[in-house]
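To keep things clear, I will list the structure first and then write my remarks on it.
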Amino acid sequence: MNQGWRERATLGFLAFAFLNAQLSQSALAQSGRRGIVRDTEIELLLRDYAAPIFQAAGIGKGSIRIALMDDRSFNAFVTDGRRMFINTGTLMDAKTPNEIIGVIAHESGHVAGGHLTRQREQMAAAQMMAVAGVLLGAGAMVAGSGSRGSNTGNGGVGVMLGAQELAGRTLLSYQRGEEQAADRAAIKYLEMTSQSPKGLLDTFKRLSDDMMFKTEGIDPYLMSHPMPQDRIANLETLVMASGNYKAKDPAGLQARHEMMKAKLLGFVGKPEEVNRKFPLSDTSLPARYAHAILDYRYKKTNESLAAIEDLIRARSENPYFWELKGQVLLESGRAREAVTALRRSSGLAPDAGLIRGLLGRALLATGEESNLPDATRELSNAVQREPDDLETWRSLSIAYGNQGNIGMAEYSAAQEAFLIGDQQSAVNHAAKAKKLLPPGSPTALKADDILNYRTKRLN
Ligand SMILES: [Zn+2]
């Protein structure tokens, strides 16, 4: 096994943990830092898109996690057979769920076909780390030109060079066969699940056309998935022959798709983009959602809250409207009201660790001692579901500390430091925690894991 590669992969994932952030104004305000964004609503939708395809492909339930990359170019890739990354840009450009499902089916074809060769992984990892600024250094990731190509701006050049270099050597010819096999597998999975292969063809055609006409910022997907005309032609023949060609996505799924796109546009789009897509005359739920989020981003708290109230009046059972309300209230310093909204949200989506984490943070932010036990409970529950959520570990450490439980406070601080990649401070906190926690308790054992991490990794 190539040790250098392993090390770099670890570095990459640590960097991702660091950038892991809930879709929020503050997370995206860290301009120039691109990474994974977390959002319950979108993650659940993607899981619903993928579940039937994964099953058809024989990919075990829960064995691949789908993560959302904050990047407006088109990309989707599986790195280590366990993680499928999809760019926000891929989702925002998709007219239908079927287009995304097609791409997921193609990627699943690579997984099931065992195409995750070291070269492919390295290329995906190179792209990933370049996007995160790990390889290029954060300085190379200058944000803000704002065009569709902005994310592939300076960072993208480095990615392209690295990828092309790799591709030039061995990958391209070798990949052709794999691409066609993945296309055929995708069509099979779509047939098995009675879904149309049209979205896959439309998407790949669009990418292939882009490749010829775009002058800047080629989508990274094209570098790992070459799309010569003969491949598109072969795909077209297969797609046209499908009995499900005319099959449509269920209306409910299309509606969730529209809400997802509106949410993403609200969070990452420029105001003029939002206004163009959703003029004020548009009173649909997606339009109001996008504007509520845009107002929140631009600190128009009252306008945002009024728009969210409207949404809640229309769909009071939607947990994500309550979540957004809680987020806006919390970030504008109204923690007590945020708690009320987030309790509603969590009640409607009890399995959502991210929402529980937010609720825990809101409880903590009230500054009321009587809320500490509740805060600790919600935050503990949240980290069990979302062990990579460092914000929640940080809050949990504070909540325990405020209650005088120093062992657990140190343990939580150790987890937080570990996720940031600060080994030294993780070890320091874990050592203190271990002295205070009951010997042999599950938490003490986890503190041991952190203490032993460095040595383990070298073996
Ligand atoms: Zn492919």
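Going by the structure tokens order, chains are called A, B, ..., each with residues numbered from 1, while ligands are numbered from 1 in the order shown.
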
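A distance cut-off of 8 Å from ligand 1, applied to only C-alpha atoms and all ligand atoms, picks out the residues His106, Glu107, His110, Glu178, Glu179, Gln180, Ala182, Asp183, Ser224, His225 and Pro226 of chain A.
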
Take the residues from that selection and write them out as a tab-separated table (two decimals), in the first residue's frame, keeping N, CA and C atoms.
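The result, stored in part_9.tsv:
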```tsv
chain	number	residue	atom	x	y	z
A	106	HIS	N	-24.77	6.14	-12.56
A	106	HIS	CA	-23.48	5.97	-13.25
A	106	HIS	C	-22.35	5.77	-12.24
A	107	GLU	N	-22.34	6.58	-11.20
A	107	GLU	CA	-21.29	6.44	-10.18
A	107	GLU	C	-21.40	5.09	-9.48
A	110	HIS	N	-19.67	2.47	-11.34
A	110	HIS	CA	-18.23	2.40	-11.05
A	110	HIS	C	-17.96	1.62	-9.77
A	178	GLU	N	-14.15	1.55	-18.78
A	178	GLU	CA	-14.86	1.70	-17.51
A	178	GLU	C	-16.06	2.64	-17.64
A	179	GLU	N	-15.89	3.69	-18.40
A	179	GLU	CA	-17.00	4.65	-18.56
A	179	GLU	C	-18.17	3.99	-19.26
A	180	GLN	N	-17.87	3.23	-20.31
A	180	GLN	CA	-18.96	2.57	-21.03
A	180	GLN	C	-19.62	1.51	-20.15
A	182	ALA	N	-19.83	1.63	-16.89
A	182	ALA	CA	-20.63	2.35	-15.89
A	182	ALA	C	-21.92	2.88	-16.51
A	183	ASP	N	-21.85	3.33	-17.77
A	183	ASP	CA	-23.06	3.78	-18.46
A	183	ASP	C	-24.07	2.63	-18.59
A	224	SER	N	-12.48	13.40	-14.97
A	224	SER	CA	-12.47	12.00	-14.53
A	224	SER	C	-13.43	11.16	-15.37
A	225	HIS	N	-14.28	11.83	-16.15
A	225	HIS	CA	-15.24	11.12	-17.00
A	225	HIS	C	-15.20	11.66	-18.42
A	226	PRO	N	-14.21	11.28	-19.17
A	226	PRO	CA	-14.14	11.78	-20.54
A	226	PRO	C	-15.40	11.42	-21.32
```

Fewer than 4 positions away in the same chain doesn't count, so skip those; otherwise give me all residues within 7 Å of A:Gly266, counting only C-alpha atoms, as an mmCIF file with N, CA and C atoms, in the first residue's frame.
```cif
data_model
loop_
_atom_site.group_PDB
_atom_site.id
_atom_site.type_symbol
_atom_site.label_atom_id
_atom_site.label_comp_id
_atom_site.auth_asym_id
_atom_site.auth_seq_id
_atom_site.Cartn_x
_atom_site.Cartn_y
_atom_site.Cartn_z
ATOM 1 N N ALA A 262 -34.033 25.755 -4.559
ATOM 2 C CA ALA A 262 -34.312 27.103 -4.039
ATOM 3 C C ALA A 262 -33.457 27.380 -2.807
ATOM 4 N N VAL A 274 -31.033 35.174 -7.576
ATOM 5 C CA VAL A 274 -32.263 34.788 -6.880
ATOM 6 C C VAL A 274 -33.441 35.567 -7.454
ATOM 7 N N ALA A 290 -36.350 30.662 -1.079
ATOM 8 C CA ALA A 290 -35.091 31.275 -1.536
ATOM 9 C C ALA A 290 -34.959 32.698 -0.994
ATOM 10 N N HIS A 291 -36.038 33.450 -1.034
ATOM 11 C CA HIS A 291 -35.962 34.842 -0.558
ATOM 12 C C HIS A 291 -35.788 34.922 0.953
ATOM 13 N N ILE A 293 -34.166 32.874 2.746
ATOM 14 C CA ILE A 293 -32.757 32.545 3.019
ATOM 15 C C ILE A 293 -31.842 33.687 2.590
ATOM 16 N N LEU A 294 -32.153 34.270 1.440
ATOM 17 C CA LEU A 294 -31.341 35.394 0.961
ATOM 18 C C LEU A 294 -31.408 36.557 1.967
#
```

For A:Leu354: contacts at 7 Å, only C-alpha atoms, fewer than 4 positions along chain excluded, given as a PyMOL selection string: chain A and resi 40+358+382

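Ranking A:Gln423, A:Lys435, A:Met84, A:His115 by their shortest atom-to-atom distance to A:Asn452, with only C-alpha atoms included, puts A:Gln423 first.
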
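Shortest atom-to-atom contact with A:Asn318 among A:Val427, A:Leu348, A:Leu342, A:Ala433: A:Leu348, counting only C-alpha atoms.
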
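With atom CA of A:Gly243 on one side and atom CA of A:Pro52 on the other, the separation reads 18.1 Å.
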
Residues within 9 Å of A:Arg47, only C-alpha atoms, excluding chain neighbours under 5 positions, as a PyMOL selection string: chain A and resi 42+65-66

Okay, now the selection with N, CA and C atoms, as a compact mmCIF listing (two decimals), in the first residue's frame?
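Output file selection.txt is given in full below:
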```txt
# COMPACT_ATOMS: atom_id res chain seq x y z
N ILE A 42 -31.43 18.37 2.45
CA ILE A 42 -30.81 17.98 1.18
C ILE A 42 -30.22 16.57 1.28
N ARG A 65 -22.04 6.90 2.04
CA ARG A 65 -22.64 8.16 2.51
C ARG A 65 -22.51 9.21 1.42
N ILE A 66 -23.58 9.94 1.21
CA ILE A 66 -23.52 10.99 0.20
C ILE A 66 -23.23 12.32 0.89
```

DSSP alpha helix (DSSP H) residues within stretch 208-297 of chain A, listed as an MDAnalysis selection string: chainID A and resid 208:213 221:224 229:240 251:268 271:277 285:297

Distance query A:Arg256 at most 9 Å, only C-alpha atoms, self and fewer than 3 positions along chain excluded, as a ChimeraX atom specification: /A:41-42,45,97,251-253,259-261

Distance criterion (only C-alpha atoms): nearest to A:Glu378 out of A:Thr392, A:Asn75, A:Ser304, A:Gln424: A:Thr392

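Going from atom CA of A:Arg297 over to atom CA of A:Arg356, you cover 22.1 Å.
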
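Among A:Ile406, A:Ala341, A:Ala247, A:Ile232, the residue with the shortest atom-to-atom distance to A:Glu191, counting only C-alpha atoms, is A:Ala247.
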
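Across the structure, atom CA of A:Phe54 and atom CA of A:Arg83 are spaced 12.7 Å apart.
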
Set the distance at 12 Å and use only C-alpha atoms: which residues neighbour A:Asn275 once local chain neighbours fewer than 2 positions away are removed? I'd like the list as a compact mmCIF listing (two decimals) with N, CA, C and O atoms, in the first residue's frame.
```txt
# COMPACT_ATOMS: atom_id res chain seq x y z
N ALA A 262 -34.03 25.75 -4.56
CA ALA A 262 -34.31 27.10 -4.04
C ALA A 262 -33.46 27.38 -2.81
O ALA A 262 -32.91 28.47 -2.63
N LEU A 265 -29.88 27.97 -3.89
CA LEU A 265 -29.75 29.28 -4.53
C LEU A 265 -29.79 30.38 -3.47
O LEU A 265 -29.01 31.33 -3.51
N GLY A 266 -30.68 30.23 -2.50
CA GLY A 266 -30.76 31.20 -1.40
C GLY A 266 -29.45 31.28 -0.64
O GLY A 266 -29.00 32.37 -0.27
N GLY A 269 -26.40 31.65 -4.00
CA GLY A 269 -26.59 32.47 -5.20
C GLY A 269 -26.40 33.95 -4.91
O GLY A 269 -26.49 34.40 -3.77
N LYS A 270 -26.12 34.70 -5.98
CA LYS A 270 -26.05 36.15 -5.83
C LYS A 270 -27.49 36.69 -5.80
O LYS A 270 -28.38 36.08 -6.39
N PRO A 271 -27.71 37.82 -5.13
CA PRO A 271 -29.08 38.35 -5.05
C PRO A 271 -29.74 38.47 -6.42
O PRO A 271 -30.92 38.13 -6.58
N GLU A 272 -28.97 38.93 -7.43
CA GLU A 272 -29.59 39.10 -8.76
C GLU A 272 -29.98 37.75 -9.37
O GLU A 272 -30.95 37.67 -10.11
N GLU A 273 -29.23 36.70 -9.02
CA GLU A 273 -29.60 35.36 -9.51
C GLU A 273 -30.92 34.93 -8.89
O GLU A 273 -31.79 34.37 -9.56
N LYS A 277 -34.39 34.27 -10.96
CA LYS A 277 -35.08 32.98 -10.93
C LYS A 277 -36.45 33.10 -10.24
O LYS A 277 -37.42 32.49 -10.65
N PHE A 278 -36.48 33.90 -9.19
CA PHE A 278 -37.72 34.04 -8.42
C PHE A 278 -38.09 35.52 -8.27
O PHE A 278 -37.82 36.13 -7.23
N PRO A 279 -38.68 36.11 -9.31
CA PRO A 279 -39.11 37.51 -9.17
C PRO A 279 -40.13 37.63 -8.05
O PRO A 279 -40.78 36.64 -7.68
N LEU A 280 -40.28 38.84 -7.53
CA LEU A 280 -41.15 39.00 -6.36
C LEU A 280 -42.59 38.63 -6.64
O LEU A 280 -43.36 38.34 -5.72
N SER A 281 -42.97 38.60 -7.94
CA SER A 281 -44.34 38.20 -8.28
C SER A 281 -44.56 36.71 -8.05
O SER A 281 -45.69 36.24 -7.97
N ASP A 282 -43.48 35.96 -7.94
CA ASP A 282 -43.57 34.51 -7.74
C ASP A 282 -43.81 34.23 -6.26
O ASP A 282 -42.98 34.52 -5.41
N ALA A 287 -39.94 29.91 -4.22
CA ALA A 287 -39.58 31.33 -4.34
C ALA A 287 -39.48 31.97 -2.96
O ALA A 287 -38.52 32.68 -2.65
N ARG A 288 -40.46 31.69 -2.13
CA ARG A 288 -40.44 32.30 -0.79
C ARG A 288 -39.30 31.75 0.06
O ARG A 288 -38.71 32.47 0.86
N ALA A 290 -36.35 30.66 -1.08
CA ALA A 290 -35.09 31.27 -1.54
C ALA A 290 -34.96 32.70 -0.99
O ALA A 290 -33.88 33.10 -0.54
N HIS A 291 -36.04 33.45 -1.03
CA HIS A 291 -35.96 34.84 -0.56
C HIS A 291 -35.79 34.92 0.95
O HIS A 291 -35.06 35.79 1.45
N LEU A 294 -32.15 34.27 1.44
CA LEU A 294 -31.34 35.39 0.96
C LEU A 294 -31.41 36.56 1.97
O LEU A 294 -30.39 37.16 2.30
N ASP A 295 -32.60 36.85 2.45
CA ASP A 295 -32.75 37.93 3.45
C ASP A 295 -31.95 37.63 4.71
O ASP A 295 -31.31 38.51 5.27
```

Distance query A:Asn234 at most 12 Å, only C-alpha atoms, self and fewer than 5 positions along chain excluded, as number ranges by chain: A: 179-181, 183-184, 187, 201, 204-205, 227-229, 239-241
